[in-house]
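Worksheet: the structure to be examined is printed underneath.
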Protein chains: 2
Amino acid sequence: MSPKVSKEHKEQRRANILNAAKNVFIELGYEHTTMKHIMDETGVSRGGLYQYFSNKEDVFECILEEELNHESIEISEILKGSVQSYWDLLLESIYGEERKPDDEMDPLAPSKLEFFITGRNNDRRKEYCKNRYYNGFKIYADIIEQGQQDGEFSDKFDSEVIARSIITFIDGLSVDQSILSKEDLKSKQQSVLFLEYLKMILEVK
Amino acid sequence: MSPKVSKEHKEQRRANILNAAKNVFIELGYEHTTMKHIMDETGVSRGGLYQYFSNKEDVFECILEEELNHESIEISEILKGSVQSYWDLLLESIYGEERKPDDEMDPLAPSKLEFFITGRNNDRRKEYCKNRYYNGFKIYADIIEQGQQDGEFSDKFDSEVIARSIITFIDGLSVDQSILSKEDLKSKQQSVLFLEYLKMILEVK
DNA sequence: AATTATAACGACATAAGTGTCGTTAATCAA
DNA sequence: TTGATTAACGACACTTATGTCGTTATAATT
């Protein structure tokens, strides 16, 4: 109902689609959602949807892209802030502003896992994936290394292996959260234990 | 080419299909393989395949079932063996006979992840999943608890949370192994670190 | 050798998803 | 008011996968 329309309107529409699509992905997962599902949820026609995105993969990657932008802004703000303690910095980069674990998780996480795992044979996607991994990796590794140089952390263990272990732990929780109910997983308890572990190997305090 | 055939022959054929199917799943992943792929790999016709299995899900579950049988035999043999040390027992239940981490992984692991994660909205599959989780969980939790009662392990931390953490770590490695190359992941190093962690919280030696 | 049971086959109907493309109609500019 | 532009639409052709079912042919039985 609107040709030769303002740039804002188009952006709005695009955002609407992405928003609706995100809800669909959360509900049905990546593999099982179809363009039809997204059309229905958004209330847009087939042709309308394809005007904005060329396929499901495209839609999903755009959602990831948007998230990544928000996240990287957050992280850069964290790093800009006053660094009283590298430990706090690490906590913030893992758990966000709260700096402490809870039982909440990213509702899109299971779909992300699907997307990455089912795309493991696709070179382009694999590359995409690897970049995301190393982005996260770098943040943790840098903080730990700086903390070690500063003397706040013990350098008994390699900062890079610790950084990887953090990601492994988060990914593991993500898997189990996809499968088990919140109550079954007890992610908070696990996180608390994991922090104990980090404290031990970094010799914090 | 064989009607009214021996039970052995049928079992053989079934095993052949499962074996071929497993290879296909390893190569293409769960979601992307089709019955056609399995037919081609096995060299069996459409009708032939459907005589043994009613759909892809069925095929995959039978593969899992077979594995589970082997594993539970192994585990029960481990538990039957001489228990010099609960620590060794734990290592064996995590890493198998070798009792030490390596860079090898279950090649079907990524497909299993797919299967469980994409099936998270299916009640039957969710239940199946949960059972598998708690099977693994119980093995670790029992060993740890017995070790704690025996005094070999510290009981500073809850055995169940530790058991969950072991699974989380393994699942996390599984995810990252699906995405990254062997070299990128450095799973062995991570495992070594993880063992250090277990030693610390269990106060081994 | 004849009979029988049935494993194995492959064509088929059905269903579902994809991306395209010609049409419609609404907005802006002249 | 008219004309140009193009967002939005939805029918369409195409592709791919699924599970069924009637047919074929062979191993076991008599």
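For the structure tokens, the naming scheme is as follows: chains receive sequential letters (A, B, ...) according to their order of presentation, residues are indexed from 1 within each chain, and ligands are indexed from 1 in presentation order.
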
Go through chain A residue by residue and, counting only C-alpha atoms (C1' of nucleotides), keep those with an atom at most 12 Å from chain C; for each kept residue give the shortest atom pair and its distance in Å to one decimal, ordered by chain and increasing number, as a Markdown table.
| residue | atom | partner | partner_atom | distance |
| --- | --- | --- | --- | --- |
| A:Met1 | CA | C:DA26 | C1' | 5.6 |
| A:Ser2 | CA | C:DA26 | C1' | 5.1 |
| A:Pro3 | CA | C:DT27 | C1' | 5.8 |
| A:Lys4 | CA | C:DT27 | C1' | 5.9 |
| A:Val5 | CA | C:DT27 | C1' | 6.8 |
| A:Ser6 | CA | C:DT27 | C1' | 9.7 |
| A:His32 | CA | C:DG17 | C1' | 11.2 |
| A:Thr33 | CA | C:DG17 | C1' | 10.6 |
| A:Thr34 | CA | C:DG17 | C1' | 7.5 |
| A:Met35 | CA | C:DG17 | C1' | 8.3 |
| A:Lys36 | CA | C:DG17 | C1' | 8.3 |
| A:His37 | CA | C:DG17 | C1' | 10.9 |
| A:Arg46 | CA | C:DG19 | C1' | 9.6 |
| A:Gly47 | CA | C:DT20 | C1' | 8.9 |
| A:Leu49 | CA | C:DG19 | C1' | 11.2 |
| A:Tyr50 | CA | C:DG19 | C1' | 8.2 |
| A:Gln51 | CA | C:DG19 | C1' | 11.1 |
| A:Phe53 | CA | C:DG19 | C1' | 11.3 |
| A:Ser54 | CA | C:DG19 | C1' | 8.5 |
| A:Asn55 | CA | C:DG19 | C1' | 8.6 |
| A:Lys56 | CA | C:DT18 | C1' | 10.3 |

Dump as a CSV table (one decimal) with all heavy atoms, in the first residue's frame the residues of chain B that approach chain A to within 9 Å, counting only C-alpha atoms.
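What follows is the written file out.csv:
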chain,number,residue,atom,x,y,z
B,27,GLU,N,28.4,-37.4,7.5
B,27,GLU,CA,28.8,-36.5,6.4
B,27,GLU,C,27.9,-35.3,6.2
B,27,GLU,O,28.4,-34.1,6.1
B,27,GLU,CB,28.9,-37.3,5.1
B,27,GLU,CG,29.7,-36.5,4.0
B,27,GLU,CD,29.7,-37.3,2.7
B,27,GLU,OE1,29.3,-38.5,2.7
B,27,GLU,OE2,30.1,-36.7,1.7
B,28,LEU,N,26.6,-35.5,6.2
B,28,LEU,CA,25.7,-34.5,5.9
B,28,LEU,C,25.0,-33.8,7.1
B,28,LEU,O,24.4,-32.8,6.9
B,28,LEU,CB,24.6,-35.0,4.9
B,28,LEU,CG,25.1,-35.6,3.6
B,28,LEU,CD1,24.0,-36.1,2.8
B,28,LEU,CD2,25.9,-34.5,2.8
B,29,GLY,N,25.0,-34.5,8.2
B,29,GLY,CA,24.3,-34.0,9.4
B,29,GLY,C,22.9,-34.5,9.4
B,29,GLY,O,22.4,-35.0,8.3
B,30,TYR,N,22.2,-34.4,10.5
B,30,TYR,CA,20.9,-35.0,10.6
B,30,TYR,C,19.8,-34.3,9.7
B,30,TYR,O,19.2,-35.0,8.9
B,30,TYR,CB,20.4,-35.0,12.1
B,30,TYR,CG,19.0,-35.6,12.2
B,30,TYR,CD1,18.8,-36.9,12.1
B,30,TYR,CD2,17.9,-34.7,12.3
B,30,TYR,CE1,17.5,-37.5,12.2
B,30,TYR,CE2,16.6,-35.3,12.4
B,30,TYR,CZ,16.4,-36.6,12.3
B,30,TYR,OH,15.2,-37.2,12.4
B,31,GLU,N,19.7,-33.0,9.8
B,31,GLU,CA,18.7,-32.3,9.1
B,31,GLU,C,18.8,-32.4,7.6
B,31,GLU,O,17.8,-32.5,6.9
B,31,GLU,CB,18.6,-30.8,9.5
B,31,GLU,CG,18.1,-30.6,10.9
B,31,GLU,CD,16.6,-31.0,11.1
B,31,GLU,OE1,15.9,-30.8,10.1
B,31,GLU,OE2,16.2,-31.4,12.2
B,32,HIS,N,20.0,-32.4,7.1
B,32,HIS,CA,20.2,-32.3,5.7
B,32,HIS,C,20.2,-33.7,5.0
B,32,HIS,O,20.1,-33.7,3.8
B,32,HIS,CB,21.5,-31.6,5.3
B,32,HIS,CG,21.4,-30.1,5.7
B,32,HIS,ND1,22.5,-29.3,5.8
B,32,HIS,CD2,20.3,-29.3,5.9
B,32,HIS,CE1,22.1,-28.1,6.1
B,32,HIS,NE2,20.8,-28.1,6.2
B,110,PRO,N,28.1,-34.0,16.2
B,110,PRO,CA,27.3,-32.9,15.6
B,110,PRO,C,25.9,-33.2,15.2
B,110,PRO,O,25.0,-32.5,15.5
B,110,PRO,CB,28.2,-32.4,14.4
B,110,PRO,CG,29.5,-32.9,14.7
B,110,PRO,CD,29.3,-34.2,15.5
B,111,SER,N,25.7,-34.4,14.6
B,111,SER,CA,24.4,-34.8,14.2
B,111,SER,C,23.5,-35.0,15.4
B,111,SER,O,22.3,-34.7,15.4
B,111,SER,CB,24.5,-36.0,13.3
B,111,SER,OG,25.2,-35.8,12.1
B,113,LEU,N,23.7,-33.5,18.2
B,113,LEU,CA,23.3,-32.2,18.7
B,113,LEU,C,22.1,-31.7,17.9
B,113,LEU,O,21.1,-31.2,18.4
B,113,LEU,CB,24.5,-31.2,18.6
B,113,LEU,CG,25.6,-31.3,19.6
B,113,LEU,CD1,26.7,-30.3,19.3
B,113,LEU,CD2,25.0,-31.0,21.0
B,114,GLU,N,22.3,-31.8,16.6
B,114,GLU,CA,21.2,-31.3,15.7
B,114,GLU,C,19.9,-32.0,16.0
B,114,GLU,O,18.9,-31.4,16.2
B,114,GLU,CB,21.5,-31.8,14.2
B,114,GLU,CG,22.4,-30.8,13.5
B,114,GLU,CD,22.5,-31.3,12.0
B,114,GLU,OE1,21.5,-31.6,11.4
B,114,GLU,OE2,23.6,-31.5,11.6
B,116,PHE,N,18.9,-33.5,18.7
B,116,PHE,CA,18.3,-33.1,20.0
B,116,PHE,C,17.8,-31.7,20.0
B,116,PHE,O,16.7,-31.4,20.5
B,116,PHE,CB,19.3,-33.3,21.1
B,116,PHE,CG,19.6,-34.8,21.4
B,116,PHE,CD1,20.9,-35.2,21.5
B,116,PHE,CD2,18.5,-35.7,21.5
B,116,PHE,CE1,21.1,-36.6,21.7
B,116,PHE,CE2,18.8,-37.0,21.7
B,116,PHE,CZ,20.1,-37.5,21.8
B,117,ILE,N,18.6,-30.8,19.4
B,117,ILE,CA,18.2,-29.4,19.4
B,117,ILE,C,17.0,-29.1,18.5
B,117,ILE,O,16.1,-28.4,18.9
B,117,ILE,CB,19.4,-28.5,19.1
B,117,ILE,CG1,20.5,-28.6,20.2
B,117,ILE,CG2,19.0,-27.0,19.0
B,117,ILE,CD1,21.7,-27.9,19.9
B,118,THR,N,17.0,-29.6,17.3
B,118,THR,CA,15.9,-29.4,16.4
B,118,THR,C,14.6,-30.1,16.9
B,118,THR,O,13.5,-29.7,16.5
B,118,THR,CB,16.2,-29.8,15.0
B,118,THR,OG1,16.4,-31.2,14.9
B,118,THR,CG2,17.4,-29.0,14.4
B,119,GLY,N,14.8,-31.1,17.7
B,119,GLY,CA,13.6,-31.8,18.2
B,119,GLY,C,13.1,-31.3,19.5
B,119,GLY,O,12.3,-31.9,20.2
B,120,ARG,N,13.6,-30.1,19.9
B,120,ARG,CA,13.3,-29.7,21.3
B,120,ARG,C,11.8,-29.3,21.5
B,120,ARG,O,11.3,-29.2,22.6
B,120,ARG,CB,14.1,-28.5,21.6
B,120,ARG,CG,13.9,-27.2,20.8
B,120,ARG,CD,14.9,-26.2,21.1
B,120,ARG,NE,14.7,-24.9,20.4
B,120,ARG,CZ,15.1,-24.7,19.1
B,120,ARG,NH1,15.7,-25.7,18.4
B,120,ARG,NH2,14.9,-23.6,18.5
B,121,ASN,N,11.1,-29.1,20.4
B,121,ASN,CA,9.6,-28.8,20.5
B,121,ASN,C,8.8,-30.1,20.4
B,121,ASN,O,7.5,-30.0,20.5
B,121,ASN,CB,9.2,-27.8,19.4
B,121,ASN,CG,9.7,-26.4,19.7
B,121,ASN,OD1,10.0,-26.1,20.8
B,121,ASN,ND2,9.9,-25.7,18.6
B,126,LYS,N,11.8,-34.8,23.2
B,126,LYS,CA,12.3,-34.2,24.4
B,126,LYS,C,12.5,-35.2,25.6
B,126,LYS,O,13.5,-35.1,26.3
B,126,LYS,CB,11.3,-33.1,24.8
B,126,LYS,CG,11.9,-32.0,25.6
B,126,LYS,CD,10.9,-30.8,25.7
B,126,LYS,CE,11.5,-29.7,26.5
B,126,LYS,NZ,10.8,-28.4,26.4
B,129,CYS,N,15.5,-37.4,25.0
B,129,CYS,CA,16.6,-36.5,25.3
B,129,CYS,C,16.9,-36.5,26.7
B,129,CYS,O,18.1,-36.6,27.2
B,129,CYS,CB,16.2,-35.2,24.8
B,129,CYS,SG,17.4,-34.3,23.9
B,130,LYS,N,15.9,-36.2,27.5
B,130,LYS,CA,16.0,-36.0,28.9
B,130,LYS,C,16.5,-37.3,29.5
B,130,LYS,O,17.4,-37.3,30.4
B,130,LYS,CB,14.6,-35.7,29.5
B,130,LYS,CG,14.6,-34.8,30.7
B,130,LYS,CD,13.2,-34.3,31.0
B,130,LYS,CE,13.0,-34.1,32.4
B,130,LYS,NZ,11.6,-33.5,32.7
B,133,TYR,N,20.1,-37.6,28.9
B,133,TYR,CA,20.9,-36.7,29.8
B,133,TYR,C,21.0,-37.3,31.2
B,133,TYR,O,22.1,-37.4,31.8
B,133,TYR,CB,20.1,-35.4,29.9
B,133,TYR,CG,20.8,-34.3,30.8
B,133,TYR,CD1,21.8,-33.5,30.3
B,133,TYR,CD2,20.5,-34.2,32.1
B,133,TYR,CE1,22.4,-32.5,31.1
B,133,TYR,CE2,21.1,-33.3,33.0
B,133,TYR,CZ,22.0,-32.4,32.4
B,133,TYR,OH,22.6,-31.5,33.2
B,157,PHE,N,31.6,-29.5,47.4
B,157,PHE,CA,30.6,-29.1,46.4
B,157,PHE,C,29.6,-30.2,46.2
B,157,PHE,O,30.0,-31.4,46.3
B,157,PHE,CB,31.3,-28.7,45.1
B,157,PHE,CG,32.1,-27.4,45.2
B,157,PHE,CD1,33.5,-27.5,45.3
B,157,PHE,CD2,31.5,-26.2,45.3
B,157,PHE,CE1,34.3,-26.4,45.4
B,157,PHE,CE2,32.2,-25.0,45.4
B,157,PHE,CZ,33.6,-25.1,45.5
B,161,VAL,N,25.8,-31.1,41.1
B,161,VAL,CA,26.2,-29.9,40.3
B,161,VAL,C,27.5,-30.2,39.5
B,161,VAL,O,27.6,-29.8,38.4
B,161,VAL,CB,26.3,-28.7,41.2
B,161,VAL,CG1,26.8,-27.5,40.3
B,161,VAL,CG2,25.0,-28.3,41.9
B,162,ILE,N,28.4,-30.9,40.2
B,162,ILE,CA,29.6,-31.3,39.5
B,162,ILE,C,29.3,-32.2,38.3
B,162,ILE,O,29.8,-32.0,37.2
B,162,ILE,CB,30.6,-32.0,40.5
B,162,ILE,CG1,30.9,-31.0,41.6
B,162,ILE,CG2,31.8,-32.4,39.7
B,162,ILE,CD1,31.8,-31.7,42.7
B,164,ARG,N,26.6,-32.4,36.6
B,164,ARG,CA,26.0,-31.5,35.5
B,164,ARG,C,27.1,-30.7,34.8
B,164,ARG,O,27.0,-30.6,33.6
B,164,ARG,CB,25.0,-30.5,36.1
B,164,ARG,CG,23.6,-31.1,36.3
B,164,ARG,CD,22.7,-30.1,36.9
B,164,ARG,NE,21.7,-30.7,37.8
B,164,ARG,CZ,20.6,-31.3,37.3
B,164,ARG,NH1,20.4,-31.4,36.0
B,164,ARG,NH2,19.8,-31.9,38.1
B,165,SER,N,28.0,-30.2,35.5
B,165,SER,CA,29.1,-29.4,34.9
B,165,SER,C,29.9,-30.3,34.0
B,165,SER,O,30.4,-29.7,32.9
B,165,SER,CB,30.0,-28.8,36.0
B,165,SER,OG,29.2,-27.9,36.8
B,167,ILE,N,28.9,-32.7,32.2
B,167,ILE,CA,28.1,-32.9,31.0
B,167,ILE,C,28.1,-31.6,30.2
B,167,ILE,O,28.3,-31.5,28.9
B,167,ILE,CB,26.6,-33.3,31.3
B,167,ILE,CG1,26.6,-34.6,31.9
B,167,ILE,CG2,25.8,-33.3,30.0
B,167,ILE,CD1,25.3,-35.1,32.3
B,168,THR,N,27.9,-30.5,30.9
B,168,THR,CA,27.9,-29.1,30.2
B,168,THR,C,29.2,-29.0,29.5
B,168,THR,O,29.2,-28.5,28.3
B,168,THR,CB,27.8,-28.0,31.3
B,168,THR,OG1,26.5,-28.1,31.9
B,168,THR,CG2,27.9,-26.7,30.6
B,169,PHE,N,30.3,-29.3,30.1
B,169,PHE,CA,31.6,-29.1,29.5
B,169,PHE,C,31.7,-30.0,28.2
B,169,PHE,O,32.1,-29.5,27.1
B,169,PHE,CB,32.8,-29.5,30.4
B,169,PHE,CG,34.1,-29.4,29.8
B,169,PHE,CD1,34.7,-28.2,29.6
B,169,PHE,CD2,34.8,-30.6,29.5
B,169,PHE,CE1,36.0,-28.2,29.0
B,169,PHE,CE2,36.1,-30.6,28.9
B,169,PHE,CZ,36.6,-29.4,28.7
B,170,ILE,N,31.3,-31.2,28.3
B,170,ILE,CA,31.4,-32.1,27.2
B,170,ILE,C,30.5,-31.6,26.0
B,170,ILE,O,30.9,-31.6,24.9
B,170,ILE,CB,31.0,-33.6,27.6
B,170,ILE,CG1,32.0,-34.2,28.5
B,170,ILE,CG2,30.8,-34.5,26.4
B,170,ILE,CD1,31.7,-35.5,29.2
B,171,ASP,N,29.3,-31.2,26.4
B,171,ASP,CA,28.4,-30.7,25.4
B,171,ASP,C,29.0,-29.4,24.7
B,171,ASP,O,28.8,-29.2,23.5
B,171,ASP,CB,27.0,-30.4,26.0
B,171,ASP,CG,26.2,-31.6,26.3
B,171,ASP,OD1,26.6,-32.7,25.7
B,171,ASP,OD2,25.2,-31.6,27.0
B,172,GLY,N,29.6,-28.6,25.5
B,172,GLY,CA,30.2,-27.4,25.0
B,172,GLY,C,31.3,-27.7,24.0
B,172,GLY,O,31.3,-27.1,22.9
B,173,LEU,N,32.1,-28.6,24.4
B,173,LEU,CA,33.2,-29.1,23.5
B,173,LEU,C,32.6,-29.6,22.2
B,173,LEU,O,33.1,-29.3,21.1
B,173,LEU,CB,34.0,-30.1,24.1
B,173,LEU,CG,35.2,-29.7,24.9
B,173,LEU,CD1,36.0,-30.9,25.3
B,173,LEU,CD2,36.1,-28.7,24.2
B,174,SER,N,31.5,-30.3,22.3
B,174,SER,CA,30.8,-30.9,21.2
B,174,SER,C,30.4,-29.8,20.2
B,174,SER,O,30.5,-29.9,19.0
B,174,SER,CB,29.6,-31.7,21.7
B,174,SER,OG,29.5,-32.9,21.0
B,175,VAL,N,29.8,-28.8,20.7
B,175,VAL,CA,29.3,-27.7,19.9
B,175,VAL,C,30.5,-27.0,19.2
B,175,VAL,O,30.5,-26.9,17.9
B,175,VAL,CB,28.6,-26.6,20.7
B,175,VAL,CG1,28.4,-25.3,19.9
B,175,VAL,CG2,27.4,-27.0,21.3
B,176,ASP,N,31.5,-26.7,19.9
B,176,ASP,CA,32.6,-26.0,19.3
B,176,ASP,C,33.4,-26.9,18.3
B,176,ASP,O,33.9,-26.4,17.4
B,176,ASP,CB,33.6,-25.5,20.4
B,176,ASP,CG,32.8,-24.4,21.3
B,176,ASP,OD1,31.7,-24.0,20.9
B,176,ASP,OD2,33.3,-24.1,22.4
B,178,SER,N,31.9,-29.0,16.5
B,178,SER,CA,31.1,-29.0,15.3
B,178,SER,C,31.4,-27.8,14.4
B,178,SER,O,31.3,-27.9,13.2
B,178,SER,CB,29.6,-29.0,15.6
B,178,SER,OG,29.3,-30.0,16.5
B,179,ILE,N,31.8,-26.8,15.0
B,179,ILE,CA,32.0,-25.5,14.3
B,179,ILE,C,33.4,-25.3,13.9
B,179,ILE,O,33.7,-24.8,12.7
B,179,ILE,CB,31.5,-24.3,15.2
B,179,ILE,CG1,30.0,-24.5,15.3
B,179,ILE,CG2,31.8,-23.0,14.5
B,179,ILE,CD1,29.4,-23.6,16.4
B,180,LEU,N,34.3,-25.5,14.8
B,180,LEU,CA,35.7,-25.2,14.5
B,180,LEU,C,36.5,-26.4,14.1
B,180,LEU,O,36.1,-27.5,14.3
B,180,LEU,CB,36.3,-24.7,15.8
B,180,LEU,CG,35.7,-23.4,16.4
B,180,LEU,CD1,36.4,-23.2,17.8
B,180,LEU,CD2,35.9,-22.2,15.5
B,185,LEU,N,40.1,-25.6,18.0
B,185,LEU,CA,39.4,-25.8,19.3
B,185,LEU,C,40.4,-26.1,20.4
B,185,LEU,O,40.1,-25.6,21.5
B,185,LEU,CB,38.5,-27.0,19.1
B,185,LEU,CG,37.7,-27.4,20.3
B,185,LEU,CD1,36.8,-26.2,20.7
B,185,LEU,CD2,36.9,-28.6,20.1
B,186,LYS,N,41.5,-26.8,20.2
B,186,LYS,CA,42.4,-27.1,21.2
B,186,LYS,C,41.7,-27.8,22.4
B,186,LYS,O,41.8,-27.5,23.5
B,186,LYS,CB,43.1,-25.9,21.7
B,186,LYS,CG,44.0,-25.3,20.6
B,186,LYS,CD,44.9,-24.3,21.1
B,186,LYS,CE,45.8,-23.8,19.9
B,186,LYS,NZ,46.1,-22.4,20.0
B,189,GLN,N,43.8,-29.4,25.3
B,189,GLN,CA,44.3,-28.4,26.3
B,189,GLN,C,43.1,-28.0,27.2
B,189,GLN,O,43.3,-27.9,28.4
B,189,GLN,CB,44.8,-27.1,25.6
B,189,GLN,CG,46.2,-27.3,25.0
B,189,GLN,CD,46.6,-25.9,24.4
B,189,GLN,OE1,46.6,-24.9,25.1
B,189,GLN,NE2,47.0,-25.9,23.2
B,190,GLN,N,42.0,-27.8,26.6
B,190,GLN,CA,40.8,-27.4,27.4
B,190,GLN,C,40.5,-28.6,28.4
B,190,GLN,O,40.1,-28.3,29.6
B,190,GLN,CB,39.6,-27.2,26.6
B,190,GLN,CG,39.6,-25.8,25.9
B,190,GLN,CD,38.3,-25.5,25.3
B,190,GLN,OE1,37.3,-25.4,26.0
B,190,GLN,NE2,38.2,-25.2,24.0
B,191,SER,N,40.5,-29.8,27.9
B,191,SER,CA,40.2,-30.9,28.8
B,191,SER,C,41.2,-31.0,29.9
B,191,SER,O,40.8,-31.3,31.1
B,191,SER,CB,40.2,-32.2,28.0
B,191,SER,OG,39.2,-32.2,27.1
B,193,LEU,N,42.8,-28.7,31.3
B,193,LEU,CA,42.5,-27.6,32.3
B,193,LEU,C,41.2,-28.0,33.1
B,193,LEU,O,41.1,-27.8,34.3
B,193,LEU,CB,42.2,-26.3,31.5
B,193,LEU,CG,42.0,-25.1,32.3
B,193,LEU,CD1,43.1,-24.8,33.3
B,193,LEU,CD2,41.7,-23.8,31.4
B,194,PHE,N,40.3,-28.6,32.4
B,194,PHE,CA,39.0,-29.0,33.0
B,194,PHE,C,39.3,-30.1,34.1
B,194,PHE,O,38.8,-30.0,35.2
B,194,PHE,CB,38.1,-29.6,32.0
B,194,PHE,CG,36.7,-29.9,32.6
B,194,PHE,CD1,35.8,-29.0,33.0
B,194,PHE,CD2,36.4,-31.3,32.7
B,194,PHE,CE1,34.6,-29.3,33.5
B,194,PHE,CE2,35.1,-31.6,33.2
B,194,PHE,CZ,34.2,-30.6,33.6
B,196,GLU,N,42.1,-30.3,35.7
B,196,GLU,CA,42.7,-29.6,36.8
B,196,GLU,C,41.6,-29.0,37.8
B,196,GLU,O,41.7,-29.1,39.0
B,196,GLU,CB,43.5,-28.4,36.3
B,196,GLU,CG,44.8,-28.8,35.7
B,196,GLU,CD,45.8,-29.4,36.7
B,196,GLU,OE1,45.8,-28.9,37.8
B,196,GLU,OE2,46.4,-30.4,36.4
B,197,TYR,N,40.6,-28.5,37.1
B,197,TYR,CA,39.5,-27.9,37.8
B,197,TYR,C,38.8,-29.0,38.7
B,197,TYR,O,38.6,-28.8,39.9
B,197,TYR,CB,38.5,-27.3,36.8
B,197,TYR,CG,37.1,-27.2,37.1
B,197,TYR,CD1,36.7,-26.4,38.3
B,197,TYR,CD2,36.1,-27.7,36.4
B,197,TYR,CE1,35.4,-26.3,38.6
B,197,TYR,CE2,34.8,-27.5,36.7
B,197,TYR,CZ,34.4,-26.8,37.8
B,197,TYR,OH,33.1,-26.7,38.1
B,198,LEU,N,38.5,-30.1,38.0
B,198,LEU,CA,37.8,-31.2,38.8
B,198,LEU,C,38.7,-31.6,40.0
B,198,LEU,O,38.2,-31.8,41.1
B,198,LEU,CB,37.6,-32.4,37.9
B,198,LEU,CG,36.4,-32.3,36.9
B,198,LEU,CD1,36.2,-33.6,36.1
B,198,LEU,CD2,35.1,-32.0,37.7
B,200,MET,N,40.8,-29.8,41.6
B,200,MET,CA,40.7,-28.8,42.6
B,200,MET,C,39.5,-28.9,43.5
B,200,MET,O,39.5,-29.0,44.7
B,200,MET,CB,40.8,-27.4,42.0
B,200,MET,CG,42.1,-27.0,41.6
B,200,MET,SD,42.0,-25.2,41.1
B,200,MET,CE,43.5,-25.1,40.0
B,201,ILE,N,38.3,-28.9,42.8
B,201,ILE,CA,37.1,-28.9,43.6
B,201,ILE,C,36.8,-30.2,44.3
B,201,ILE,O,36.2,-30.2,45.3
B,201,ILE,CB,35.8,-28.5,42.7
B,201,ILE,CG1,35.6,-29.5,41.6
B,201,ILE,CG2,36.0,-27.1,42.1
B,201,ILE,CD1,34.3,-29.2,40.9

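If you look at CA of Leu195 (chain B) and CA of Asp102 (chain A), they are 25.4 Å away from each other.
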
Quick check: residues of chain D within 6 Å of chain A, only C-alpha atoms (C1' of nucleotides), returned as a ChimeraX atom specification.
/D:6-8

Item to check | region 70-101 of chain A: residues DSSP assigns to helix (DSSP H, G or I), reported as a VMD selection string | outcome: chain A and resid 70 to 80 86 to 95

CA of Ile26 (chain B) sits from CA of Lys112 (chain A) at a separation of 20.4 Å

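In this model, the gap between CA of Ile139 (chain B) and CA of Ile78 (chain B) comes to 11.1 Å.
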
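For Gln148 (chain B), the residues within 12 Å (counting only C-alpha atoms (C1' of nucleotides), excluding itself and residues fewer than 3 positions away along the chain) are Ser85, Tyr86, Trp87, Ala141, Asp142, Ile143, Ile144, Glu145, Gly151, Glu152, Phe153, Ser154, Asp155, Lys156, Phe157, Asp158, Ser159, Glu160, Ile162, Ile201, Leu202, Glu203 and Val204 of chain B.
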
Requested write-out: C-alpha atoms of the selected residues, as an mmCIF file, in the first residue's frame:
data_model
loop_
_atom_site.group_PDB
_atom_site.id
_atom_site.type_symbol
_atom_site.label_atom_id
_atom_site.label_comp_id
_atom_site.auth_asym_id
_atom_site.auth_seq_id
_atom_site.Cartn_x
_atom_site.Cartn_y
_atom_site.Cartn_z
ATOM 1 C CA SER B 85 40.300 -45.167 42.869
ATOM 2 C CA TYR B 86 37.126 -43.238 42.221
ATOM 3 C CA TRP B 87 39.172 -40.660 40.372
ATOM 4 C CA ALA B 141 26.861 -38.248 40.030
ATOM 5 C CA ASP B 142 27.058 -41.743 41.502
ATOM 6 C CA ILE B 143 30.788 -42.025 41.098
ATOM 7 C CA ILE B 144 31.354 -38.610 42.615
ATOM 8 C CA GLU B 145 29.015 -39.229 45.495
ATOM 9 C CA GLY B 151 36.578 -39.786 51.582
ATOM 10 C CA GLU B 152 38.606 -39.827 48.398
ATOM 11 C CA PHE B 153 36.839 -36.666 47.229
ATOM 12 C CA SER B 154 36.046 -33.513 49.124
ATOM 13 C CA ASP B 155 32.342 -32.979 49.643
ATOM 14 C CA LYS B 156 32.697 -29.218 49.585
ATOM 15 C CA PHE B 157 30.600 -29.092 46.413
ATOM 16 C CA ASP B 158 27.380 -30.841 45.533
ATOM 17 C CA SER B 159 28.053 -34.004 43.537
ATOM 18 C CA GLU B 160 25.039 -33.372 41.304
ATOM 19 C CA ILE B 162 29.595 -31.259 39.491
ATOM 20 C CA ILE B 201 37.081 -28.889 43.572
ATOM 21 C CA LEU B 202 37.195 -32.581 44.474
ATOM 22 C CA GLU B 203 40.531 -32.050 46.226
ATOM 23 C CA VAL B 204 42.039 -35.124 44.625
#

**Request:** Could you give me, as a VMD selection string, the residues within 12 Å of Glu97 (chain A), counting only C-alpha atoms (C1' of nucleotides) and dropping anything in the same chain fewer than 4 positions from it?
**Result:** chain A and resid 71 74 to 75 77 to 78 81 88 to 93 101

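Residues in contact with Ala21 (chain B) at 9 Å, where only C-alpha atoms (C1' of nucleotides) are counted and same-chain residues fewer than 4 positions away are skipped, are listed as B:Asn16, B:Ile17, B:Phe25, B:Ile26, B:Met35, B:His37, B:Ile38, B:Met39, B:Glu41, B:Thr42, B:Val59, B:Phe60, B:Ile63.
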